[in-house]
>>> print(open('target-v1.pdb').read())   # PDB, C-alpha atoms
ATOM      1  CA  MET A   1     230.751 170.357  15.667
ATOM      2  CA  THR A   2     227.228 169.538  16.820
ATOM      3  CA  GLU A   3     224.013 171.103  15.609
ATOM      4  CA  HIS A   4     223.822 172.884  18.945
ATOM      5  CA  GLU A   5     227.247 174.416  18.426
ATOM      6  CA  ASN A   6     226.288 175.403  14.901
ATOM      7  CA  GLY A   7     223.318 177.421  16.197
ATOM      8  CA  SER A   8     223.040 180.971  14.945
ATOM      9  CA  LYS A   9     224.905 183.724  16.712
ATOM     10  CA  GLN A  10     221.552 185.322  17.449
ATOM     11  CA  ASP A  11     220.411 182.157  19.262
ATOM     12  CA  ARG A  12     223.439 182.459  21.526
ATOM     13  CA  GLY A  13     223.392 186.231  21.798
ATOM     14  CA  LYS A  14     222.469 186.201  25.481
ATOM     15  CA  TYR A  15     224.336 183.061  26.516
ATOM     16  CA  VAL A  16     226.869 183.713  29.267
ATOM     17  CA  ASP A  17     229.095 181.815  31.682
ATOM     18  CA  LEU A  18     229.095 183.145  35.240
ATOM     19  CA  VAL A  19     231.770 183.000  37.938
ATOM     20  CA  PHE A  20     230.804 183.949  41.507
ATOM     21  CA  GLU A  21     233.368 184.900  44.129
ATOM     22  CA  GLY A  22     233.153 183.608  47.688
ATOM     23  CA  GLY A  23     232.408 185.930  50.574
ATOM     24  CA  GLY A  24     230.315 184.312  53.280
ATOM     25  CA  VAL A  25     227.156 186.208  54.161
ATOM     26  CA  LYS A  26     228.051 188.840  51.564
ATOM     27  CA  GLY A  27     226.784 186.402  48.936
ATOM     28  CA  ILE A  28     223.422 188.182  48.764
ATOM     29  CA  ALA A  29     225.227 190.919  46.805
ATOM     30  CA  LEU A  30     225.935 188.287  44.135
ATOM     31  CA  VAL A  31     222.201 187.572  43.946
ATOM     32  CA  GLY A  32     221.549 191.275  43.387
ATOM     33  CA  ALA A  33     224.005 191.370  40.489
ATOM     34  CA  PHE A  34     222.523 188.208  38.989
ATOM     35  CA  SER A  35     219.017 189.692  39.150
ATOM     36  CA  VAL A  36     220.093 192.406  36.701
ATOM     37  CA  LEU A  37     221.588 189.890  34.261
ATOM     38  CA  GLU A  38     218.430 187.794  34.465
ATOM     39  CA  GLY A  39     216.263 190.869  33.946
ATOM     40  CA  ARG A  40     218.152 191.741  30.775
ATOM     41  CA  GLY A  41     217.651 188.287  29.340
ATOM     42  CA  TYR A  42     221.040 186.669  29.899
ATOM     43  CA  GLU A  43     220.944 182.862  29.957
ATOM     44  CA  PRO A  44     223.608 181.216  32.170
ATOM     45  CA  GLN A  45     225.207 178.147  30.590
ATOM     46  CA  ASN A  46     228.144 177.209  32.812
ATOM     47  CA  MET A  47     228.508 178.491  36.360
ATOM     48  CA  ALA A  48     231.234 178.230  38.955
ATOM     49  CA  GLY A  49     231.930 179.524  42.410
ATOM     50  CA  ALA A  50     233.683 179.114  45.714
ATOM     51  CA  PRO A  51     232.024 179.309  49.188
ATOM     52  CA  ALA A  52     229.159 181.803  48.939
ATOM     53  CA  GLY A  53     229.599 181.889  45.171
ATOM     54  CA  ALA A  54     229.132 178.126  45.053
ATOM     55  CA  ILE A  55     225.870 178.447  46.984
ATOM     56  CA  VAL A  56     224.457 181.049  44.598
ATOM     57  CA  ALA A  57     225.686 179.202  41.496
ATOM     58  CA  ALA A  58     224.210 175.888  42.721
ATOM     59  CA  LEU A  59     220.776 177.374  43.321
ATOM     60  CA  ILE A  60     220.736 179.097  39.925
ATOM     61  CA  ALA A  61     221.820 175.852  38.272
ATOM     62  CA  ALA A  62     218.954 174.100  40.072
ATOM     63  CA  GLY A  63     216.483 176.526  38.514
ATOM     64  CA  TYR A  64     215.944 179.225  41.110
ATOM     65  CA  GLY A  65     215.254 182.680  39.734
ATOM     66  CA  ALA A  66     216.555 185.971  41.120
ATOM     67  CA  GLU A  67     213.370 186.873  43.005
ATOM     68  CA  GLU A  68     213.273 183.471  44.682
ATOM     69  CA  LEU A  69     216.931 183.755  45.648
ATOM     70  CA  LYS A  70     216.373 187.243  47.042
ATOM     71  CA  GLU A  71     213.562 185.927  49.219
ATOM     72  CA  ILE A  72     215.688 183.007  50.424
ATOM     73  CA  VAL A  73     218.787 184.937  51.407
ATOM     74  CA  ALA A  74     217.111 188.140  52.607
ATOM     75  CA  ASN A  75     215.088 186.236  55.213
ATOM     76  CA  LEU A  76     217.731 183.707  56.133
ATOM     77  CA  ASP A  77     218.661 183.338  59.790
ATOM     78  CA  TYR A  78     222.410 182.863  59.413
ATOM     79  CA  ASP A  79     222.738 181.936  63.083
ATOM     80  CA  ARG A  80     221.084 178.607  62.278
ATOM     81  CA  PHE A  81     224.351 177.566  60.609
ATOM     82  CA  LYS A  82     226.296 178.010  63.853
ATOM     83  CA  ASP A  83     225.500 174.461  64.929
ATOM     84  CA  GLN A  84     227.568 173.016  67.742
ATOM     85  CA  ALA A  85     227.782 169.618  69.367
ATOM     86  CA  ILE A  86     226.714 169.440  73.020
ATOM     87  CA  GLU A  87     230.289 169.238  74.264
ATOM     88  CA  ASP A  88     231.142 172.394  72.284
ATOM     89  CA  ARG A  89     228.812 174.419  74.529
ATOM     90  CA  LEU A  90     230.758 173.598  77.656
ATOM     91  CA  PRO A  91     233.419 175.921  79.131
ATOM     92  CA  MET A  92     236.403 175.940  76.772
ATOM     93  CA  GLY A  93     234.126 174.149  74.285
ATOM     94  CA  ARG A  94     235.305 176.170  71.303
ATOM     95  CA  THR A  95     238.931 175.471  72.049
ATOM     96  CA  LEU A  96     238.232 171.771  72.499
ATOM     97  CA  SER A  97     236.203 171.684  69.282
ATOM     98  CA  ILE A  98     239.050 173.228  67.314
ATOM     99  CA  LEU A  99     241.552 170.786  68.784
ATOM    100  CA  LYS A 100     239.295 167.752  68.343
ATOM    101  CA  ASP A 101     237.299 168.496  65.177
ATOM    102  CA  LEU A 102     239.425 171.285  63.608
ATOM    103  CA  GLY A 103     236.456 173.651  63.588
ATOM    104  CA  ILE A 104     233.893 175.335  65.835
ATOM    105  CA  TYR A 105     230.672 174.639  63.964
ATOM    106  CA  GLU A 106     229.474 171.289  62.626
ATOM    107  CA  GLY A 107     228.261 172.419  59.192
ATOM    108  CA  GLU A 108     225.444 169.866  59.226
ATOM    109  CA  ALA A 109     222.710 172.506  59.519
ATOM    110  CA  PHE A 110     224.009 174.197  56.378
ATOM    111  CA  GLU A 111     224.147 170.957  54.401
ATOM    112  CA  GLU A 112     220.579 170.054  55.415
ATOM    113  CA  TRP A 113     219.384 173.513  54.370
ATOM    114  CA  MET A 114     221.169 173.268  51.036
ATOM    115  CA  SER A 115     219.878 169.751  50.380
ATOM    116  CA  GLY A 116     216.317 170.859  51.052
ATOM    117  CA  LEU A 117     216.485 173.700  48.551
ATOM    118  CA  LEU A 118     218.062 171.532  45.870
ATOM    119  CA  GLU A 119     215.710 168.600  46.374
ATOM    120  CA  ALA A 120     212.766 170.981  46.028
ATOM    121  CA  ARG A 121     213.946 171.328  42.412
ATOM    122  CA  ASP A 122     214.674 167.605  42.004
ATOM    123  CA  VAL A 123     218.421 168.110  42.198
ATOM    124  CA  ARG A 124     220.476 165.719  44.319
ATOM    125  CA  THR A 125     223.597 164.721  42.406
ATOM    126  CA  PHE A 126     225.573 166.360  39.641
ATOM    127  CA  GLY A 127     223.916 163.895  37.282
ATOM    128  CA  ASP A 128     220.840 166.105  37.677
ATOM    129  CA  LEU A 129     222.833 169.127  36.476
ATOM    130  CA  VAL A 130     224.253 167.747  33.221
ATOM    131  CA  ARG A 131     224.072 170.496  30.607
ATOM    132  CA  ARG A 132     225.352 168.523  27.623
ATOM    133  CA  GLU A 133     226.356 164.901  27.123
ATOM    134  CA  ASP A 134     228.593 165.459  24.087
ATOM    135  CA  VAL A 135     231.351 167.557  25.693
ATOM    136  CA  ASP A 136     234.249 166.900  28.070
ATOM    137  CA  LEU A 137     233.897 167.235  31.831
ATOM    138  CA  LYS A 138     234.918 170.890  31.752
ATOM    139  CA  TYR A 139     231.620 171.844  30.130
ATOM    140  CA  ARG A 140     229.401 168.851  30.934
ATOM    141  CA  TYR A 141     227.728 170.316  34.040
ATOM    142  CA  LYS A 142     225.825 173.534  34.663
ATOM    143  CA  LEU A 143     227.744 173.892  37.916
ATOM    144  CA  GLN A 144     231.347 173.583  39.055
ATOM    145  CA  VAL A 145     232.345 174.022  42.680
ATOM    146  CA  ILE A 146     235.793 174.897  44.007
ATOM    147  CA  ALA A 147     237.084 173.173  47.151
ATOM    148  CA  SER A 148     240.481 172.577  48.759
ATOM    149  CA  ASP A 149     241.814 169.119  49.628
ATOM    150  CA  VAL A 150     244.125 169.730  52.596
ATOM    151  CA  THR A 151     245.240 166.081  52.684
ATOM    152  CA  GLU A 152     246.475 166.081  49.090
ATOM    153  CA  ARG A 153     247.328 169.808  49.165
ATOM    154  CA  ARG A 154     245.430 170.426  45.938
ATOM    155  CA  LEU A 155     242.560 172.397  44.508
ATOM    156  CA  LEU A 156     239.422 170.451  43.634
ATOM    157  CA  VAL A 157     237.066 171.346  40.804
ATOM    158  CA  LEU A 158     233.912 169.401  41.549
ATOM    159  CA  PRO A 159     232.435 167.248  40.239
ATOM    160  CA  ARG A 160     235.138 166.518  37.678
ATOM    161  CA  ASP A 161     237.764 165.816  40.371
ATOM    162  CA  ALA A 162     235.423 163.464  42.229
ATOM    163  CA  PRO A 163     237.467 160.359  41.186
ATOM    164  CA  SER A 164     240.358 161.631  43.325
ATOM    165  CA  LEU A 165     238.034 161.181  46.315
ATOM    166  CA  GLY A 166     237.123 157.659  45.268
ATOM    167  CA  ILE A 167     233.869 158.531  43.474
ATOM    168  CA  ALA A 168     234.181 156.749  40.128
ATOM    169  CA  ARG A 169     231.411 158.681  38.360
ATOM    170  CA  PRO A 170     231.357 162.470  38.859
ATOM    171  CA  ASP A 171     227.604 162.304  38.130
ATOM    172  CA  ASP A 172     227.167 160.523  41.485
ATOM    173  CA  LEU A 173     228.630 163.275  43.682
ATOM    174  CA  ASP A 174     226.020 164.889  45.928
ATOM    175  CA  VAL A 175     225.647 168.588  45.065
ATOM    176  CA  ALA A 176     224.858 169.761  48.601
ATOM    177  CA  ARG A 177     227.893 167.880  49.925
ATOM    178  CA  ALA A 178     230.136 169.512  47.301
ATOM    179  CA  VAL A 179     228.877 172.975  48.287
ATOM    180  CA  ARG A 180     229.350 172.099  51.956
ATOM    181  CA  MET A 181     232.964 171.205  51.141
ATOM    182  CA  SER A 182     233.482 174.538  49.425
ATOM    183  CA  MET A 183     232.079 176.671  52.256
ATOM    184  CA  SER A 184     234.068 175.046  55.083
ATOM    185  CA  ILE A 185     235.820 178.184  56.325
ATOM    186  CA  PRO A 186     238.932 176.936  58.166
ATOM    187  CA  ILE A 187     238.565 176.940  61.966
ATOM    188  CA  PHE A 188     235.064 178.424  61.719
ATOM    189  CA  PHE A 189     233.505 175.239  60.257
ATOM    190  CA  GLU A 190     234.718 171.692  60.671
ATOM    191  CA  PRO A 191     236.311 170.344  57.478
ATOM    192  CA  VAL A 192     234.423 167.693  55.539
ATOM    193  CA  ARG A 193     236.041 164.321  56.212
ATOM    194  CA  PHE A 194     235.747 162.158  53.114
ATOM    195  CA  THR A 195     237.156 158.633  53.071
ATOM    196  CA  ASN A 196     238.304 157.260  49.727
ATOM    197  CA  ARG A 197     237.027 153.675  49.848
ATOM    198  CA  ARG A 198     239.567 152.545  47.275
ATOM    199  CA  THR A 199     242.588 153.742  49.231
ATOM    200  CA  ASN A 200     241.093 154.030  52.752
ATOM    201  CA  GLN A 201     242.655 157.482  52.920
ATOM    202  CA  GLU A 202     240.721 160.194  54.716
ATOM    203  CA  HIS A 203     240.616 163.528  52.906
ATOM    204  CA  LEU A 204     240.033 166.785  54.766
ATOM    205  CA  ILE A 205     238.150 169.163  52.476
ATOM    206  CA  VAL A 206     237.858 172.876  53.278
ATOM    207  CA  ASP A 207     236.990 176.278  51.851
ATOM    208  CA  GLY A 208     237.676 176.374  48.110
ATOM    209  CA  GLY A 209     238.596 180.032  48.465
ATOM    210  CA  MET A 210     241.892 179.036  50.064
ATOM    211  CA  LEU A 211     243.225 178.187  46.617
ATOM    212  CA  SER A 212     240.873 180.104  44.326
ATOM    213  CA  ASN A 213     238.148 182.354  45.674
ATOM    214  CA  PHE A 214     237.379 183.789  42.233
ATOM    215  CA  PRO A 215     237.953 180.990  39.665
ATOM    216  CA  VAL A 216     237.726 183.123  36.541
ATOM    217  CA  TRP A 217     240.259 180.846  34.860
ATOM    218  CA  LEU A 218     237.867 177.920  34.822
ATOM    219  CA  PHE A 219     236.103 178.590  31.525
ATOM    220  CA  ASP A 220     239.057 179.823  29.475
ATOM    221  CA  ALA A 221     238.851 178.980  25.775
ATOM    222  CA  GLU A 222     240.874 180.055  22.745
ATOM    223  CA  GLU A 223     237.763 180.300  20.570
ATOM    224  CA  PRO A 224     234.993 181.525  22.875
ATOM    225  CA  GLN A 225     231.386 181.320  21.748
ATOM    226  CA  TRP A 226     229.933 183.608  24.436
ATOM    227  CA  PRO A 227     231.240 185.770  27.293
ATOM    228  CA  THR A 228     232.295 184.867  30.783
ATOM    229  CA  ILE A 229     231.271 187.428  33.397
ATOM    230  CA  GLY A 230     232.738 187.404  36.880
ATOM    231  CA  MET A 231     231.083 188.798  40.005
ATOM    232  CA  LYS A 232     233.609 189.934  42.583
ATOM    233  CA  LEU A 233     233.086 191.352  46.068
ATOM    234  CA  THR A 234     235.220 194.454  46.588
ATOM    235  CA  ARG A 235     235.759 197.171  49.143
ATOM    236  CA  LYS A 236     233.960 199.740  47.037
ATOM    237  CA  PRO A 237     232.929 200.078  43.377
ATOM    238  CA  GLU A 238     235.779 202.409  42.491
ATOM    239  CA  ALA A 239     238.442 200.208  44.071
ATOM    240  CA  PRO A 240     240.553 198.109  41.697
ATOM    241  CA  ILE A 241     239.309 194.562  41.241
ATOM    242  CA  GLY A 242     241.160 192.401  43.732
ATOM    243  CA  GLU A 243     241.128 194.842  46.654
ATOM    244  CA  GLU A 244     238.877 192.843  48.944
ATOM    245  CA  LEU A 245     237.592 194.077  52.243
ATOM    246  CA  SER A 246     240.255 193.775  54.903
ATOM    247  CA  GLU A 247     238.500 192.768  58.119
ATOM    248  CA  PRO A 248     240.174 193.738  61.411
ATOM    249  CA  VAL A 249     241.702 190.938  63.435
ATOM    250  CA  PRO A 250     240.004 190.667  66.872
ATOM    251  CA  ARG A 251     242.270 190.734  69.897
ATOM    252  CA  GLY A 252     242.271 188.255  72.730
ATOM    253  CA  GLY A 253     242.023 184.495  73.229
ATOM    254  CA  VAL A 254     240.620 182.027  70.741
ATOM    255  CA  THR A 255     238.839 184.814  68.856
ATOM    256  CA  GLN A 256     242.190 186.408  68.085
ATOM    257  CA  VAL A 257     243.603 183.110  66.825
ATOM    258  CA  ILE A 258     240.546 182.533  64.628
ATOM    259  CA  GLY A 259     240.693 186.058  63.251
ATOM    260  CA  TYR A 260     244.401 185.760  62.552
ATOM    261  CA  LEU A 261     244.026 182.452  60.719
ATOM    262  CA  ARG A 262     241.096 183.808  58.721
ATOM    263  CA  SER A 263     243.177 186.837  57.705
ATOM    264  CA  LEU A 264     245.913 184.498  56.478
ATOM    265  CA  VAL A 265     243.368 182.619  54.372
ATOM    266  CA  ASP A 266     241.905 185.873  53.015
ATOM    267  CA  THR A 267     245.394 187.012  52.018
ATOM    268  CA  MET A 268     246.025 183.780  50.107
ATOM    269  CA  MET A 269     242.655 184.019  48.360
ATOM    270  CA  ALA A 270     243.168 187.603  47.261
ATOM    271  CA  ALA A 271     246.750 187.145  46.046
ATOM    272  CA  HIS A 272     246.086 183.984  43.990
ATOM    273  CA  ASP A 273     243.186 185.339  41.970
ATOM    274  CA  ARG A 274     244.428 188.936  41.696
ATOM    275  CA  LEU A 275     247.457 187.685  39.761
ATOM    276  CA  TYR A 276     245.246 185.909  37.224
ATOM    277  CA  VAL A 277     242.875 188.863  36.879
ATOM    278  CA  GLU A 278     245.748 191.213  36.155
ATOM    279  CA  GLN A 279     247.567 188.911  33.728
ATOM    280  CA  HIS A 280     244.473 188.061  31.689
ATOM    281  CA  ASP A 281     242.854 191.491  31.615
ATOM    282  CA  PHE A 282     239.730 190.054  33.215
ATOM    283  CA  GLU A 283     238.893 193.267  35.058
ATOM    284  CA  GLU A 284     236.966 194.464  32.017
ATOM    285  CA  ARG A 285     234.687 191.441  32.342
ATOM    286  CA  THR A 286     234.211 191.562  36.097
ATOM    287  CA  ILE A 287     231.397 193.149  38.080
ATOM    288  CA  GLY A 288     232.987 194.707  41.171
ATOM    289  CA  ILE A 289     230.424 194.850  43.981
ATOM    290  CA  ASP A 290     230.710 197.094  47.048
ATOM    291  CA  THR A 291     230.295 194.909  50.160
ATOM    292  CA  LEU A 292     229.395 197.920  52.348
ATOM    293  CA  GLY A 293     231.787 196.861  55.085
ATOM    294  CA  VAL A 294     229.953 193.608  55.835
ATOM    295  CA  GLY A 295     232.176 190.833  57.186
ATOM    296  CA  THR A 296     232.446 187.311  55.769
ATOM    297  CA  THR A 297     231.192 185.638  58.951
ATOM    298  CA  GLU A 298     228.823 188.388  60.101
ATOM    299  CA  PHE A 299     226.080 185.871  60.815
ATOM    300  CA  ASP A 300     223.956 188.366  62.762
ATOM    301  CA  LEU A 301     223.324 190.301  59.549
ATOM    302  CA  SER A 302     219.926 192.030  59.712
ATOM    303  CA  PRO A 303     217.343 191.699  56.890
ATOM    304  CA  GLU A 304     217.731 195.420  56.222
ATOM    305  CA  ARG A 305     221.486 195.126  55.838
ATOM    306  CA  ALA A 306     221.062 192.082  53.626
ATOM    307  CA  LEU A 307     218.793 194.029  51.290
ATOM    308  CA  GLN A 308     221.360 196.834  51.147
ATOM    309  CA  LEU A 309     223.897 194.282  49.931
ATOM    310  CA  PHE A 310     221.394 193.019  47.357
ATOM    311  CA  ASP A 311     220.883 196.574  46.061
ATOM    312  CA  SER A 312     224.647 197.124  45.963
ATOM    313  CA  GLY A 313     224.956 194.100  43.699
ATOM    314  CA  ARG A 314     222.189 195.394  41.450
ATOM    315  CA  ALA A 315     223.816 198.819  41.151
ATOM    316  CA  ALA A 316     227.197 197.313  40.260
ATOM    317  CA  ALA A 317     225.718 195.045  37.579
ATOM    318  CA  GLU A 318     223.669 197.851  36.033
ATOM    319  CA  GLU A 319     226.754 200.057  35.824
ATOM    320  CA  PHE A 320     228.735 197.197  34.305
ATOM    321  CA  LEU A 321     226.162 196.368  31.619
ATOM    322  CA  ASP A 322     225.539 200.016  30.782
ATOM    323  CA  ARG A 323     229.135 200.513  29.671
ATOM    324  CA  THR A 324     228.092 199.454  26.168
ATOM    325  CA  PRO A 325     224.805 200.190  24.366
ATOM    326  CA  GLY A 326     222.099 197.701  25.326
ATOM    327  CA  GLY A 327     224.358 196.036  27.865
ATOM    328  CA  ASP A 328     225.645 193.570  25.257
ATOM    329  CA  ARG A 329     229.116 192.149  25.785
ATOM    330  CA  LYS A 330     231.160 190.631  23.009
ATOM    331  CA  PRO A 331     232.836 187.243  23.531
ATOM    332  CA  ASP A 332     236.442 187.504  24.589
ATOM    333  CA  THR A 333     239.356 185.189  25.142
ATOM    334  CA  VAL A 334     238.252 184.139  28.605
ATOM    335  CA  ALA A 335     234.914 182.685  27.649
ATOM    336  CA  THR A 336     233.618 179.342  26.607
ATOM    337  CA  GLY A 337     231.047 177.412  24.669
TER     338      GLY A 337
END
>>> encode(input="target-v1.pdb", output="structure tokens")
Amino acid sequence: MTEHENGSKQDRGKYVDLVFEGGGVKGIALVGAFSVLEGRGYEPQNMAGAPAGAIVAALIAAGYGAEELKEIVANLDYDRFKDQAIEDRLPMGRTLSILKDLGIYEGEAFEEWMSGLLEARDVRTFGDLVRREDVDLKYRYKLQVIASDVTERRLLVLPRDAPSLGIARPDDLDVARAVRMSMSIPIFFEPVRFTNRRTNQEHLIVDGGMLSNFPVWLFDAEEPQWPTIGMKLTRKPEAPIGEELSEPVPRGGVTQVIGYLRSLVDTMMAAHDRLYVEQHDFEERTIGIDTLGVGTTEFDLSPERALQLFDSGRAAAEEFLDRTPGGDRKPDTVATG
């Protein structure tokens, strides 16, 4: 055991691992919850997330504080991410885009935005986010991102699964590209096409939430040294963890098909992680955040509505931490060092 691991319990009293659920534009609620943890002195060690959760986790890992994140997401024009190629704007363009590119929007605008924020903090690859050199890949990086490899029909935990994509050193994987992989909502965004240069096989990478939208299992350890806290987007605070918002399926044309497919994906995401939460008693270590009826792809979200989501996250985290005196949580079996 290293000197770091032998540090006093007091030194690690506010260490915590954080897991952020995906939820599209609802991710600002995760920022609200994080702001409370930050305000009470918690120090994130390992973080993980899928789609929106991956975005928030990546920016925290890069060094952004809660107030900075609030400013970023509260004033974000989500419509800027609805980037389309010229041919996509023609009559029947959406249908053609889905048939040709397997998605409506390019996703390039998002990746450029994400790269800019990360590079502002001198973060480009996962090598810039190494937390400790003396541990295995599971705990080496401050950040882990969940994505889904449709070609291989498997879940990806990035960067440690980077070799399966032909990247020999996980340190070399671009962080913004990994987050872009994770947030590729099927049909809505084009999948990331990644060619393994060793095998010449093209991998289609999509939304990590398809296989695990709330990867609370990621930091399991038999002898935890500090807690893992999950942040989950729910229908309302009093609803059981796992009861996500059920968005109505639009009727008519391509919109109906997209809505139907998205509902199928949402069902898979909810069922997979709900089973784990129930079996491992993780509900007691999860902040359930009311999403106020906001939809995953509600890209016309107003600044006022975004701030309401932020406040909802704050309220949920304050209630969670106030369950015990001083908001201190004891390490439990689903936590790590």
>>> resolve_selection(input="target-v1.pdb", expression="the PyMOL selection byres ((chain A and resi 150) around 10)", output="list in words")
Ala147, Ser148, Asp149, Thr151, Glu152, Arg153, Arg154, Leu155, Pro191, His203, Leu204, Ile205, Val206, Asp207 and Met210 of chain A
>>> resolve_selection(input="target-v1.pdb", expression="the PyMOL selection byres ((chain A and resi 66-68) around 10)", output="PyMOL selection string")
chain A and resi 31-39+56+59-60+63-65+69-74
>>> resolve_selection(input="target-v1.pdb", expression="the PyMOL selection byres ((chain A and resi 18) around 12)", output="MDAnalysis selection string")
chainID A and resid 15:17 19:21 30:31 33:34 37:38 42:49 53:54 56:58 60:61 142:144 214:220 226:232 285:287 334:336
>>> write_last_selection(input="target-v1.pdb", atoms="C-alpha atoms", output="PDB file, in the coordinates of the input")
ATOM      1  CA  TYR A  15     224.336 183.061  26.516  1.00  0.00           C
ATOM      2  CA  VAL A  16     226.869 183.713  29.267  1.00  0.00           C
ATOM      3  CA  ASP A  17     229.095 181.815  31.682  1.00  0.00           C
ATOM      4  CA  VAL A  19     231.770 183.000  37.938  1.00  0.00           C
ATOM      5  CA  PHE A  20     230.804 183.949  41.507  1.00  0.00           C
ATOM      6  CA  GLU A  21     233.368 184.900  44.129  1.00  0.00           C
ATOM      7  CA  LEU A  30     225.935 188.287  44.135  1.00  0.00           C
ATOM      8  CA  VAL A  31     222.201 187.572  43.946  1.00  0.00           C
ATOM      9  CA  ALA A  33     224.005 191.370  40.489  1.00  0.00           C
ATOM     10  CA  PHE A  34     222.523 188.208  38.989  1.00  0.00           C
ATOM     11  CA  LEU A  37     221.588 189.890  34.261  1.00  0.00           C
ATOM     12  CA  GLU A  38     218.430 187.794  34.465  1.00  0.00           C
ATOM     13  CA  TYR A  42     221.040 186.669  29.899  1.00  0.00           C
ATOM     14  CA  GLU A  43     220.944 182.862  29.957  1.00  0.00           C
ATOM     15  CA  PRO A  44     223.608 181.216  32.170  1.00  0.00           C
ATOM     16  CA  GLN A  45     225.207 178.147  30.590  1.00  0.00           C
ATOM     17  CA  ASN A  46     228.144 177.209  32.812  1.00  0.00           C
ATOM     18  CA  MET A  47     228.508 178.491  36.360  1.00  0.00           C
ATOM     19  CA  ALA A  48     231.234 178.230  38.955  1.00  0.00           C
ATOM     20  CA  GLY A  49     231.930 179.524  42.410  1.00  0.00           C
ATOM     21  CA  GLY A  53     229.599 181.889  45.171  1.00  0.00           C
ATOM     22  CA  ALA A  54     229.132 178.126  45.053  1.00  0.00           C
ATOM     23  CA  VAL A  56     224.457 181.049  44.598  1.00  0.00           C
ATOM     24  CA  ALA A  57     225.686 179.202  41.496  1.00  0.00           C
ATOM     25  CA  ALA A  58     224.210 175.888  42.721  1.00  0.00           C
ATOM     26  CA  ILE A  60     220.736 179.097  39.925  1.00  0.00           C
ATOM     27  CA  ALA A  61     221.820 175.852  38.272  1.00  0.00           C
ATOM     28  CA  LYS A 142     225.825 173.534  34.663  1.00  0.00           C
ATOM     29  CA  LEU A 143     227.744 173.892  37.916  1.00  0.00           C
ATOM     30  CA  GLN A 144     231.347 173.583  39.055  1.00  0.00           C
ATOM     31  CA  PHE A 214     237.379 183.789  42.233  1.00  0.00           C
ATOM     32  CA  PRO A 215     237.953 180.990  39.665  1.00  0.00           C
ATOM     33  CA  VAL A 216     237.726 183.123  36.541  1.00  0.00           C
ATOM     34  CA  TRP A 217     240.259 180.846  34.860  1.00  0.00           C
ATOM     35  CA  LEU A 218     237.867 177.920  34.822  1.00  0.00           C
ATOM     36  CA  PHE A 219     236.103 178.590  31.525  1.00  0.00           C
ATOM     37  CA  ASP A 220     239.057 179.823  29.475  1.00  0.00           C
ATOM     38  CA  TRP A 226     229.933 183.608  24.436  1.00  0.00           C
ATOM     39  CA  PRO A 227     231.240 185.770  27.293  1.00  0.00           C
ATOM     40  CA  THR A 228     232.295 184.867  30.783  1.00  0.00           C
ATOM     41  CA  ILE A 229     231.271 187.428  33.397  1.00  0.00           C
ATOM     42  CA  GLY A 230     232.738 187.404  36.880  1.00  0.00           C
ATOM     43  CA  MET A 231     231.083 188.798  40.005  1.00  0.00           C
ATOM     44  CA  LYS A 232     233.609 189.934  42.583  1.00  0.00           C
ATOM     45  CA  ARG A 285     234.687 191.441  32.342  1.00  0.00           C
ATOM     46  CA  THR A 286     234.211 191.562  36.097  1.00  0.00           C
ATOM     47  CA  ILE A 287     231.397 193.149  38.080  1.00  0.00           C
ATOM     48  CA  VAL A 334     238.252 184.139  28.605  1.00  0.00           C
ATOM     49  CA  ALA A 335     234.914 182.685  27.649  1.00  0.00           C
ATOM     50  CA  THR A 336     233.618 179.342  26.607  1.00  0.00           C
TER      51      THR A 336
END
>>> atom_distance(input="target-v1.pdb", atom1="atom CA of A:Ala168", atom2="atom CA of A:Asn200")
14.6 Å
>>> axis_aligned_box(input="target-v1.pdb", around="stretch 156-165 of chain A", padding_each_side="5 Å", output="lines of an AutoDock Vina configuration file")
center_x = 236.4
center_y = 165.9
center_z = 42.0
size_x = 17.9
size_y = 21.0
size_z = 18.6
